[in-house]
$ cat upload35.cif   # mmCIF, C-alpha atoms
data_protein
loop_
_atom_site.label_atom_id
_atom_site.label_comp_id
_atom_site.auth_asym_id
_atom_site.auth_seq_id
_atom_site.Cartn_x
_atom_site.Cartn_y
_atom_site.Cartn_z
CA MET A 433 124.68 136.98 127.98
CA ASN A 434 126.26 135.27 131.00
CA LYS A 435 123.90 137.17 133.29
CA LEU A 436 120.93 135.94 131.25
CA LEU A 437 122.24 132.36 131.20
CA LYS A 438 122.19 132.35 134.99
CA SER A 439 118.41 132.76 134.85
CA VAL A 440 117.97 129.65 132.68
CA PRO A 441 116.16 126.86 134.57
CA ALA A 442 117.72 123.41 134.93
CA ILE A 443 116.56 120.89 132.30
CA ASN A 444 117.33 117.26 131.66
CA LYS A 445 119.12 115.80 128.65
CA GLN A 446 115.93 114.43 127.14
CA GLU A 447 114.09 117.78 127.25
CA LEU A 448 117.10 119.49 125.78
CA LEU A 449 117.48 117.04 122.90
CA PHE A 450 113.77 117.11 122.03
CA HIS A 451 113.86 120.92 122.02
CA ILE A 452 116.96 121.03 119.82
CA ALA A 453 115.50 118.48 117.39
CA GLU A 454 112.29 120.46 117.05
CA HIS A 455 113.51 124.05 117.06
CA PHE A 456 117.23 124.06 116.28
CA PRO A 457 117.81 120.95 114.14
CA ALA A 458 120.93 122.42 112.52
CA THR A 459 122.75 122.68 115.85
CA ILE A 460 125.85 120.53 115.82
CA LEU A 461 126.19 118.44 118.96
CA CYS A 462 128.99 116.39 120.38
CA LEU A 463 127.45 113.51 122.33
CA THR A 464 129.59 111.51 124.71
CA THR A 465 128.26 108.13 125.82
CA ASP A 466 128.71 106.48 129.19
CA ALA A 467 131.24 104.21 127.48
CA GLY A 468 133.39 107.29 126.86
CA ARG A 469 132.92 107.49 123.08
CA SER A 470 132.08 110.82 121.46
CA TYR A 471 130.04 111.43 118.31
CA THR A 472 129.56 114.78 116.57
CA GLY A 473 126.62 115.57 114.29
CA VAL A 474 123.05 116.77 114.05
CA ILE A 475 119.90 115.08 115.31
CA VAL A 476 117.91 113.56 112.45
CA THR A 477 115.12 112.20 114.62
CA ILE A 478 114.33 111.54 118.26
CA GLY A 479 111.44 109.62 119.81
CA LYS A 480 110.16 107.38 122.56
CA VAL A 481 109.55 103.68 122.04
CA ARG A 482 107.04 101.48 123.90
CA ASN A 483 109.14 100.87 126.97
CA ASP A 484 109.54 104.66 127.33
CA GLU A 485 113.14 104.52 126.28
CA VAL A 486 114.21 107.42 124.09
CA PHE A 487 116.32 106.91 121.00
CA LEU A 488 117.80 109.34 118.60
CA VAL A 489 119.43 109.14 115.20
CA LEU A 490 122.46 111.35 114.75
CA GLN A 491 123.86 112.22 111.34
CA VAL A 492 127.56 112.12 112.01
CA ALA A 493 129.81 115.03 111.04
CA ASP A 494 133.48 114.88 110.12
CA ASP A 495 136.37 116.74 111.77
CA ARG A 496 135.34 119.97 110.04
CA ASN A 497 131.73 119.59 111.16
CA ALA A 498 130.60 118.74 107.62
CA LEU A 499 127.83 116.14 107.62
CA THR A 500 128.70 112.70 106.32
CA THR A 501 126.54 109.78 105.20
CA ARG A 502 127.15 108.00 108.50
CA PHE A 503 124.26 107.73 110.96
CA LEU A 504 124.25 106.70 114.59
CA HIS A 505 121.31 105.18 116.43
CA LEU A 506 121.70 105.88 120.14
CA THR A 507 119.78 105.47 123.39
CA VAL A 508 119.44 108.83 125.10
CA GLY A 509 119.90 107.11 128.46
CA LYS A 510 123.42 106.17 127.37
CA ILE A 511 124.40 109.79 126.73
CA GLU A 512 126.68 111.09 129.42
CA SER A 513 127.16 114.64 128.16
CA ILE A 514 126.03 116.96 125.39
CA GLU A 515 128.25 119.66 123.95
CA LEU A 516 126.65 122.34 121.78
CA ILE A 517 128.99 123.55 119.05
CA ASN A 518 128.53 127.19 118.02
CA PRO A 519 124.78 127.22 118.78
CA ALA A 520 122.74 129.89 117.00
CA ASP A 521 120.84 130.95 120.11
CA LEU A 522 122.21 129.32 123.22
CA LEU A 523 119.86 131.19 125.52
CA SER A 524 116.78 130.00 123.69
CA ILE A 525 118.08 126.42 123.50
CA LEU A 526 118.96 126.14 127.19
CA SER A 527 115.74 127.84 128.31
CA LEU A 528 113.63 125.64 125.99
CA GLY A 529 112.53 128.75 124.11
CA LYS A 530 111.43 130.72 127.18
CA LEU A 531 114.19 133.28 126.82
CA THR A 532 115.72 134.70 123.68
CA LYS A 533 118.82 136.78 123.21
CA ASN A 534 118.25 140.51 123.31
CA GLU A 535 117.57 142.40 120.13
CA THR A 536 120.62 144.08 118.66
CA TYR A 537 120.28 147.68 117.65
CA GLU A 538 121.72 149.76 114.86
CA ILE A 539 121.83 153.53 114.60
CA SER A 540 118.64 155.32 113.65
CA GLY A 541 117.81 158.99 113.37
CA LYS A 542 114.80 160.85 114.70
CA LEU A 543 113.32 161.18 111.22
CA ALA A 544 113.18 157.39 110.81
CA VAL A 545 111.36 157.10 114.14
CA GLN A 546 108.95 159.92 113.30
CA ARG A 547 108.20 158.22 110.00
CA GLY A 548 107.80 154.94 111.89
CA PHE A 549 105.22 156.66 114.12
CA GLN A 550 103.36 157.89 111.06
CA LEU A 551 103.40 154.40 109.52
CA PHE A 552 102.21 152.97 112.85
CA SER A 553 99.08 155.09 112.68
CA GLU A 554 98.53 154.43 108.97
CA ALA A 555 99.01 150.67 109.30
CA ILE A 556 96.45 150.40 112.09
CA PHE A 557 94.04 152.63 110.18
CA ASN A 558 94.48 150.54 107.04
CA ALA A 559 93.87 147.34 109.01
CA HIS A 560 90.85 148.40 111.04
CA ALA A 561 89.70 151.86 109.88
CA ILE A 562 90.41 153.31 113.29
CA ASN A 563 92.41 156.40 114.12
CA VAL A 564 94.59 155.58 117.11
CA GLY A 565 96.70 158.68 116.53
CA VAL A 566 100.37 159.18 115.80
CA PRO A 567 102.37 158.20 118.89
CA ALA A 568 103.55 161.13 120.94
CA MET A 569 106.93 160.67 122.56
CA GLU A 570 109.87 162.69 123.77
CA LEU A 571 112.52 161.12 121.58
CA PRO A 572 116.00 160.29 122.89
CA THR A 573 119.00 161.61 120.99
CA ASP A 574 121.08 158.42 121.02
CA GLY A 575 120.91 156.50 117.74
CA LEU A 576 120.74 153.04 119.36
CA GLN A 577 117.93 154.14 121.65
CA LEU A 578 116.10 155.58 118.66
CA ASN A 579 116.47 152.27 116.85
CA ARG A 580 115.00 150.46 119.87
CA VAL A 581 112.05 152.89 119.88
CA LEU A 582 111.55 152.22 116.17
CA LYS A 583 111.62 148.43 116.56
CA LEU A 584 109.33 148.54 119.59
CA THR A 585 106.92 150.76 117.66
CA GLN A 586 106.64 148.08 114.99
CA LYS A 587 105.98 145.42 117.65
CA ILE A 588 103.35 147.52 119.42
CA GLN A 589 101.75 148.20 116.05
CA GLN A 590 101.41 144.47 115.40
CA VAL A 591 100.02 143.82 118.89
CA ILE A 592 97.35 146.49 118.38
CA ILE A 593 96.47 145.24 114.89
CA ASP A 594 96.04 141.72 116.28
CA LEU A 595 94.10 142.92 119.31
CA LEU A 596 91.67 145.00 117.26
CA LYS A 597 90.70 141.99 115.16
CA GLU A 598 88.24 141.30 117.97
CA GLU A 599 85.08 143.35 117.46
CA ASP A 600 84.64 144.25 121.14
CA ALA A 601 88.23 145.47 121.39
CA LEU A 602 87.82 147.56 118.25
CA SER A 603 84.55 149.14 119.36
CA GLY A 604 85.94 149.74 122.86
CA TRP A 605 89.00 151.52 121.48
CA LYS A 606 86.94 153.53 118.98
CA ALA A 607 84.57 154.70 121.69
CA ARG A 608 87.26 155.87 124.08
CA TYR A 609 90.59 156.67 122.50
CA ASN A 610 92.01 158.63 119.59
CA LYS A 611 95.48 159.45 120.87
CA ILE A 612 98.45 157.34 121.93
CA ALA A 613 101.69 158.13 123.72
CA PHE A 614 104.86 156.16 124.44
CA ILE A 615 106.49 157.01 127.75
CA ASN A 616 109.89 155.85 128.93
CA ASN A 617 109.58 153.86 132.15
CA ASP A 618 111.27 151.03 134.07
CA SER A 619 108.47 148.57 133.41
CA LEU A 620 105.57 147.89 131.08
CA GLU A 621 102.34 149.64 132.02
CA VAL A 622 99.31 150.80 130.06
CA LYS A 623 97.00 153.58 131.19
CA GLY A 624 93.90 155.05 129.63
CA VAL A 625 93.74 158.77 130.36
CA ASN A 626 90.67 160.45 128.86
CA ASP A 627 91.04 159.90 125.09
CA LEU A 628 94.70 158.93 125.37
CA VAL A 629 96.33 155.49 125.65
CA GLU A 630 99.67 155.72 127.42
CA ILE A 631 102.14 152.88 126.97
CA TYR A 632 104.97 152.89 129.51
CA PHE A 633 108.05 150.80 128.77
CA PRO A 634 111.87 150.95 128.97
CA PHE A 635 111.92 152.37 125.46
CA GLU A 636 115.35 153.90 125.93
CA ASN A 637 117.10 151.09 127.77
CA ILE A 638 118.81 149.04 125.09
CA GLU A 639 119.82 146.41 127.66
CA ALA A 640 116.23 145.80 128.75
CA ALA A 641 114.20 142.87 127.49
CA GLU A 642 111.90 143.18 124.51
CA ILE A 643 108.25 143.98 125.00
CA SER A 644 106.11 140.95 125.79
CA THR A 645 103.36 140.55 123.21
CA GLU A 646 101.14 138.64 125.61
CA LYS A 647 101.57 141.05 128.52
CA LEU A 648 101.01 144.12 126.34
CA THR A 649 97.89 142.57 124.86
CA ASN A 650 96.52 141.86 128.33
CA LEU A 651 97.33 145.35 129.58
CA LEU A 652 95.71 146.97 126.55
CA MET A 653 92.62 144.82 127.07
CA SER A 654 92.43 146.02 130.66
CA VAL A 655 91.91 149.63 129.54
CA LEU A 656 89.31 148.85 126.88
CA MET B 768 146.44 172.85 86.63
CA GLY B 769 146.91 173.71 82.98
CA LEU B 770 144.81 175.99 80.81
CA LEU B 771 142.72 173.10 79.52
CA GLU B 772 141.78 172.11 83.07
CA LYS B 773 141.12 175.72 84.09
CA ARG B 774 138.73 176.17 81.16
CA ALA B 775 136.92 172.90 81.86
CA LEU B 776 136.59 173.74 85.54
CA LYS B 777 135.24 177.22 84.79
CA ALA B 778 132.75 175.72 82.33
CA PHE B 779 131.54 173.33 85.02
CA GLN B 780 131.35 176.04 87.69
CA ASP B 781 129.37 178.37 85.43
CA GLY B 782 127.13 175.69 84.00
CA SER B 783 126.33 172.33 85.59
CA TYR B 784 127.47 173.28 89.10
CA LYS B 785 124.95 176.06 89.40
CA LYS B 786 122.14 173.91 88.01
CA LEU B 787 122.99 171.02 90.32
CA THR B 788 123.23 173.11 93.49
CA ASP B 789 120.01 174.91 92.54
CA GLU B 790 118.30 171.52 92.22
CA ILE B 791 119.68 170.40 95.59
CA ASN B 792 118.55 173.61 97.29
CA ALA B 793 115.12 173.33 95.70
CA LEU B 794 114.74 169.80 97.02
CA ALA B 795 115.96 170.81 100.46
CA GLY B 796 113.78 173.90 100.59
CA TYR B 797 116.65 176.03 101.90
CA THR B 798 120.13 177.05 100.81
CA ILE B 799 122.84 174.56 101.69
CA GLU B 800 126.37 175.91 101.86
CA PHE B 801 128.83 174.15 99.57
CA GLU B 802 132.55 174.17 100.18
CA ILE B 803 134.42 172.53 97.35
CA ASN B 804 138.11 171.89 97.21
CA TRP B 805 138.35 172.44 93.48
CA ASP B 806 142.11 171.91 93.36
CA SER B 807 141.78 168.39 94.73
CA ILE B 808 138.97 167.28 92.44
CA ALA B 809 140.15 168.95 89.23
CA GLU B 810 142.83 166.41 88.45
CA ASP B 811 145.22 167.02 85.61
CA GLU B 812 144.63 165.26 82.31
CA TYR B 813 140.95 164.61 83.03
CA ALA B 814 139.56 167.95 81.85
CA GLU B 815 137.19 166.37 79.36
CA MET B 816 135.64 164.31 82.18
CA TYR B 817 135.09 167.07 84.74
CA ASP B 818 131.45 167.63 83.92
CA GLU B 819 130.44 163.97 83.89
CA GLY B 820 132.68 162.92 86.79
CA PHE B 821 131.80 165.75 89.18
CA THR B 822 128.11 165.46 88.38
CA LYS B 823 127.80 161.70 88.75
CA VAL B 824 130.26 161.20 91.59
CA TYR B 825 129.35 164.12 93.84
CA PHE B 826 126.05 165.75 92.96
CA THR B 827 123.62 163.22 91.48
CA PRO B 828 123.88 160.95 94.56
CA ILE B 829 123.03 163.95 96.76
CA ILE B 830 119.99 164.70 94.60
CA GLU B 831 118.82 161.07 94.69
CA ALA B 832 119.30 160.79 98.44
CA LEU B 833 117.51 164.07 99.10
CA LYS B 834 114.54 163.03 96.95
CA GLU B 835 113.89 160.21 99.42
CA ILE B 836 114.47 162.29 102.52
CA THR B 837 112.47 165.34 101.47
CA ALA B 838 109.50 163.34 100.21
CA ASP B 839 107.45 164.75 103.10
CA ASP B 840 107.46 167.89 105.25
CA MET B 841 108.82 165.91 108.19
CA GLY B 842 111.89 165.01 106.15
CA LYS B 843 112.39 168.57 104.87
CA GLN B 844 112.24 169.96 108.37
CA ALA B 845 114.62 167.33 109.76
CA LEU B 846 117.07 168.00 106.94
CA GLN B 847 117.00 171.74 107.50
CA GLU B 848 117.66 171.28 111.20
CA ALA B 849 120.56 168.89 110.63
CA LEU B 850 122.39 169.60 107.37
CA LYS B 851 124.10 172.97 107.15
CA LYS B 852 127.00 172.46 104.81
CA VAL B 853 128.42 170.05 102.22
CA VAL B 854 132.17 169.71 101.79
CA ILE B 855 133.43 168.04 98.63
CA LYS B 856 137.04 167.02 98.26
CA ASN B 857 139.40 164.36 96.96
CA GLU B 858 141.99 163.83 99.64
CA GLY B 859 141.63 160.37 101.17
CA GLY B 860 141.88 158.33 97.97
CA PHE B 861 138.38 156.84 98.43
CA TYR B 862 136.72 155.40 95.36
CA TYR B 863 133.88 153.44 96.97
CA ALA B 864 130.80 154.85 98.64
CA SER B 865 131.49 153.03 101.89
CA GLY B 866 134.48 155.25 102.68
CA ALA B 867 133.42 158.43 100.97
CA TYR B 868 130.80 159.93 103.26
CA SER B 869 130.92 161.30 106.76
CA PHE B 870 128.65 163.55 108.76
CA LYS B 871 129.55 165.59 111.79
CA ASP B 872 128.13 168.72 113.42
CA GLY B 873 125.84 169.46 110.52
CA VAL B 874 128.55 169.07 107.90
CA LEU B 875 128.35 166.37 105.26
CA THR B 876 131.81 165.59 103.89
CA ILE B 877 132.23 163.80 100.58
CA ASP B 878 135.75 162.60 99.99
CA HIS B 879 135.82 160.57 96.77
CA GLN B 880 138.05 160.32 93.73
CA PRO B 881 136.28 162.15 90.91
CA PHE B 882 136.85 159.71 88.08
CA ASN B 883 136.61 156.28 89.68
CA ASN B 884 133.42 154.22 89.70
CA ILE B 885 131.64 157.14 88.07
CA ASN B 886 128.52 155.13 87.28
CA ASN B 887 128.05 153.71 90.81
CA ILE B 888 125.48 156.43 91.40
CA THR B 889 122.88 154.22 93.05
CA GLU B 890 125.42 152.75 95.46
CA ARG B 891 126.54 156.21 96.49
CA ALA B 892 122.99 157.53 96.78
CA THR B 893 122.02 154.58 98.97
CA GLU B 894 125.05 154.96 101.21
CA LEU B 895 124.51 158.69 101.52
CA GLY B 896 120.78 158.32 102.15
CA GLU B 897 121.42 155.82 104.95
CA LEU B 898 124.06 158.04 106.52
CA LEU B 899 121.82 161.09 106.45
CA MET B 900 118.85 159.16 107.83
CA LYS B 901 120.97 158.11 110.80
CA ASN B 902 121.76 161.73 111.51
CA LEU B 903 118.38 163.37 110.95
#
$ encode --input "upload35.cif" --output "structure tokens"
Amino acid sequence: MNKLLKSVPAINKQELLFHIAEHFPATILCLTTDAGRSYTGVIVTIGKVRNDEVFLVLQVADDRNALTTRFLHLTVGKIESIELINPADLLSILSLGKLTKNETYEISGKLAVQRGFQLFSEAIFNAHAINVGVPAMELPTDGLQLNRVLKLTQKIQQVIIDLLKEEDALSGWKARYNKIAFINNDSLEVKGVNDLVEIYFPFENIEAAEISTEKLTNLLMSVL
Amino acid sequence: MGLLEKRALKAFQDGSYKKLTDEINALAGYTIEFEINWDSIAEDEYAEMYDEGFTKVYFTPIIEALKEITADDMGKQALQEALKKVVIKNEGGFYYASGAYSFKDGVLTIDHQPFNNINNITERATELGELLMKNL
């Protein structure tokens, strides 16, 4: 987590508060003003007024962080510091949603993954009447790695279902491919080899980031 | 173990036990070895409950879990490759599913008191099914 936090870009107080108000409104904040007073609570609303000054309304919490019926109207320019109290996803908050905490994995067995592969093929067939094949993969033996493979399979499945909603993508895939393989690799790559789509990804590295929907979509489009 | 318990145990071994293990083996598609510590599960003064207790606590959850796993050929094959033996005993004082099941080196061990929470069959089947799925 600390390693990931180091990659978070610098943001100003205003950006941070707007992001929290929109995406993490339940986050309890302790705001300290330039007069040295501190207020704890959640943001009820935040907005700019005509002179470009930003105000927020904070619903004040008590000592146990339970919300009270006290509300504070405050100029953001007067806020000296912002403390986030037990944030749900600190990484996402501080990166304004650009980064999210890594997926956590449980233990899975090979059978669950093999069934996941079967469902992958069936789900795509049911959505678009196309046989993309059951993914071929040399499965790891570690349960956490297997769980990552299973979760990634479900994400890839959704990416393909969404991609094939476009008629040209569907006809392109139908004309060229009827097999698919997942191959463990350091980075995301997609190759079309004869009638086979090969998806390369760090399937077995449970510390690696999740697959990027956008990047995978683009790479799949490049082989269609 | 008194005569009453010996008779009840023999009746179970000759009757329900054979039927239950036959059903399990039929579901699995191969013969699973059973090792049962009869002395630990055949508790004194519970002779009249042996049949119901042993069946519901130890065997019905296995049957229910295996029905899910062996629903397709993939599951049957995975089970055959992974599960070699079932050990049933009552040594650790466990009476909830969460502590009753363990799996190691192809051996499923069920350590559960035979006459506690008899009717929690679904809970045990779910716990066992999840454990097996993690190991198949």
$ atom_distance --input "upload35.cif" --atom1 "CA of Val545 (chain A)" --atom2 "CA of Leu582 (chain A)"
5.3 Å
$ atom_distance --input "upload35.cif" --atom1 "CA of Ala809 (chain B)" --atom2 "CA of Glu790 (chain B)"
22.2 Å
$ residues_around --input "upload35.cif" --residues "Glu835 (chain B)" --least-positions-apart "3" --cutoff "12 Å" --atoms "all atoms listed in the file" --output "list in words"
Leu543 and Ala544 of chain A; Leu794, Ala795, Pro828, Ile829, Ile830, Glu831, Ala832, Ala838, Asp839, Asp840, Met841, Gly842, Lys843, Leu846, Ala892, Thr893, Leu895, Gly896, Glu897, Leu899 and Met900 of chain B
$ resolve_selection --input "upload35.cif" --expression "the PyMOL selection byres ((chain B) within 6 of (chain A))" --output "ChimeraX atom specification"
/B:900-903
$ closest_residue --input "upload35.cif" --among "A:Asp627, A:Ser644, A:Gly529, A:Lys583" --to "Phe552 (chain A)" --atoms "only C-alpha atoms"
A:Lys583
$ atom_distance --input "upload35.cif" --atom1 "CA of Tyr537 (chain A)" --atom2 "CA of Ala520 (chain A)"
18.0 Å
$ resolve_selection --input "upload35.cif" --expression "the PyMOL selection byres ((chain A and resi 593-600) around 8)" --output "PyMOL selection string"
chain A and resi 556+559-560+589-592+601-604+649
$ decode --input "upload35.cif" --residues "region 891-902 of chain B" --atoms "all heavy atoms" --output "tab-separated table (two decimals), in the first residue's frame"
chain	number	residue	atom	x	y	z
B	891	ARG	N	-23.17	-27.93	7.29
B	891	ARG	CA	-22.00	-28.81	7.14
B	891	ARG	C	-21.72	-29.10	5.66
B	891	ARG	O	-20.57	-29.11	5.23
B	891	ARG	CB	-22.22	-30.11	7.92
B	891	ARG	CG	-22.07	-29.95	9.42
B	891	ARG	CD	-22.06	-31.29	10.14
B	891	ARG	NE	-23.37	-31.94	10.12
B	891	ARG	CZ	-24.34	-31.72	11.01
B	891	ARG	NH1	-24.14	-30.87	12.00
B	891	ARG	NH2	-25.49	-32.35	10.91
B	892	ALA	N	-22.79	-29.32	4.90
B	892	ALA	CA	-22.59	-29.61	3.47
B	892	ALA	C	-21.95	-28.42	2.76
B	892	ALA	O	-21.06	-28.59	1.91
B	892	ALA	CB	-23.94	-29.94	2.83
B	893	THR	N	-22.37	-27.22	3.13
B	893	THR	CA	-21.81	-26.01	2.51
B	893	THR	C	-20.34	-25.86	2.87
B	893	THR	O	-19.49	-25.63	2.01
B	893	THR	CB	-22.59	-24.76	2.98
B	893	THR	OG1	-23.97	-24.96	2.64
B	893	THR	CG2	-22.08	-23.50	2.31
B	894	GLU	N	-20.05	-26.02	4.15
B	894	GLU	CA	-18.66	-25.89	4.61
B	894	GLU	C	-17.77	-26.94	3.93
B	894	GLU	O	-16.67	-26.62	3.45
B	894	GLU	CB	-18.63	-26.09	6.14
B	894	GLU	CG	-17.29	-25.90	6.78
B	894	GLU	CD	-16.93	-24.43	7.02
B	894	GLU	OE1	-17.86	-23.61	7.08
B	894	GLU	OE2	-15.73	-24.15	7.14
B	895	LEU	N	-18.27	-28.15	3.88
B	895	LEU	CA	-17.50	-29.23	3.26
B	895	LEU	C	-17.32	-29.00	1.77
B	895	LEU	O	-16.22	-29.19	1.22
B	895	LEU	CB	-18.20	-30.58	3.53
B	895	LEU	CG	-17.57	-31.79	2.86
B	895	LEU	CD1	-16.11	-31.96	3.27
B	895	LEU	CD2	-18.36	-33.06	3.21
B	896	GLY	N	-18.40	-28.59	1.11
B	896	GLY	CA	-18.32	-28.32	-0.33
B	896	GLY	C	-17.29	-27.25	-0.63
B	896	GLY	O	-16.49	-27.39	-1.56
B	897	GLU	N	-17.28	-26.19	0.17
B	897	GLU	CA	-16.31	-25.10	-0.06
B	897	GLU	C	-14.89	-25.59	0.18
B	897	GLU	O	-13.97	-25.25	-0.58
B	897	GLU	CB	-16.63	-23.92	0.87
B	897	GLU	CG	-17.87	-23.14	0.40
B	897	GLU	CD	-18.30	-22.07	1.38
B	897	GLU	OE1	-17.66	-21.91	2.44
B	897	GLU	OE2	-19.30	-21.39	1.08
B	898	LEU	N	-14.71	-26.38	1.22
B	898	LEU	CA	-13.37	-26.91	1.51
B	898	LEU	C	-12.88	-27.79	0.36
B	898	LEU	O	-11.73	-27.67	-0.09
B	898	LEU	CB	-13.38	-27.70	2.82
B	898	LEU	CG	-12.06	-28.38	3.18
B	898	LEU	CD1	-11.01	-27.35	3.58
B	898	LEU	CD2	-12.24	-29.40	4.28
B	899	LEU	N	-13.74	-28.67	-0.09
B	899	LEU	CA	-13.33	-29.57	-1.19
B	899	LEU	C	-13.03	-28.77	-2.45
B	899	LEU	O	-12.04	-29.04	-3.14
B	899	LEU	CB	-14.42	-30.61	-1.44
B	899	LEU	CG	-14.57	-31.70	-0.37
B	899	LEU	CD1	-15.78	-32.58	-0.65
B	899	LEU	CD2	-13.31	-32.56	-0.29
B	900	MET	N	-13.88	-27.80	-2.76
B	900	MET	CA	-13.66	-27.00	-3.98
B	900	MET	C	-12.31	-26.29	-3.95
B	900	MET	O	-11.69	-26.09	-4.99
B	900	MET	CB	-14.78	-25.97	-4.16
B	900	MET	CG	-16.06	-26.55	-4.74
B	900	MET	SD	-15.85	-27.28	-6.37
B	900	MET	CE	-15.62	-25.83	-7.39
B	901	LYS	N	-11.88	-25.90	-2.76
B	901	LYS	CA	-10.58	-25.22	-2.66
B	901	LYS	C	-9.43	-26.19	-2.90
B	901	LYS	O	-8.30	-25.78	-3.17
B	901	LYS	CB	-10.41	-24.61	-1.26
B	901	LYS	CG	-11.23	-23.36	-1.05
B	901	LYS	CD	-11.07	-22.85	0.36
B	901	LYS	CE	-11.99	-21.65	0.59
B	901	LYS	NZ	-12.00	-21.23	1.99
B	902	ASN	N	-9.71	-27.47	-2.75
B	902	ASN	CA	-8.64	-28.46	-2.86
B	902	ASN	C	-8.73	-29.33	-4.10
B	902	ASN	O	-7.95	-30.27	-4.25
B	902	ASN	CB	-8.64	-29.35	-1.61
B	902	ASN	CG	-8.10	-28.60	-0.39
B	902	ASN	OD1	-6.90	-28.47	-0.23
B	902	ASN	ND2	-9.00	-28.08	0.43
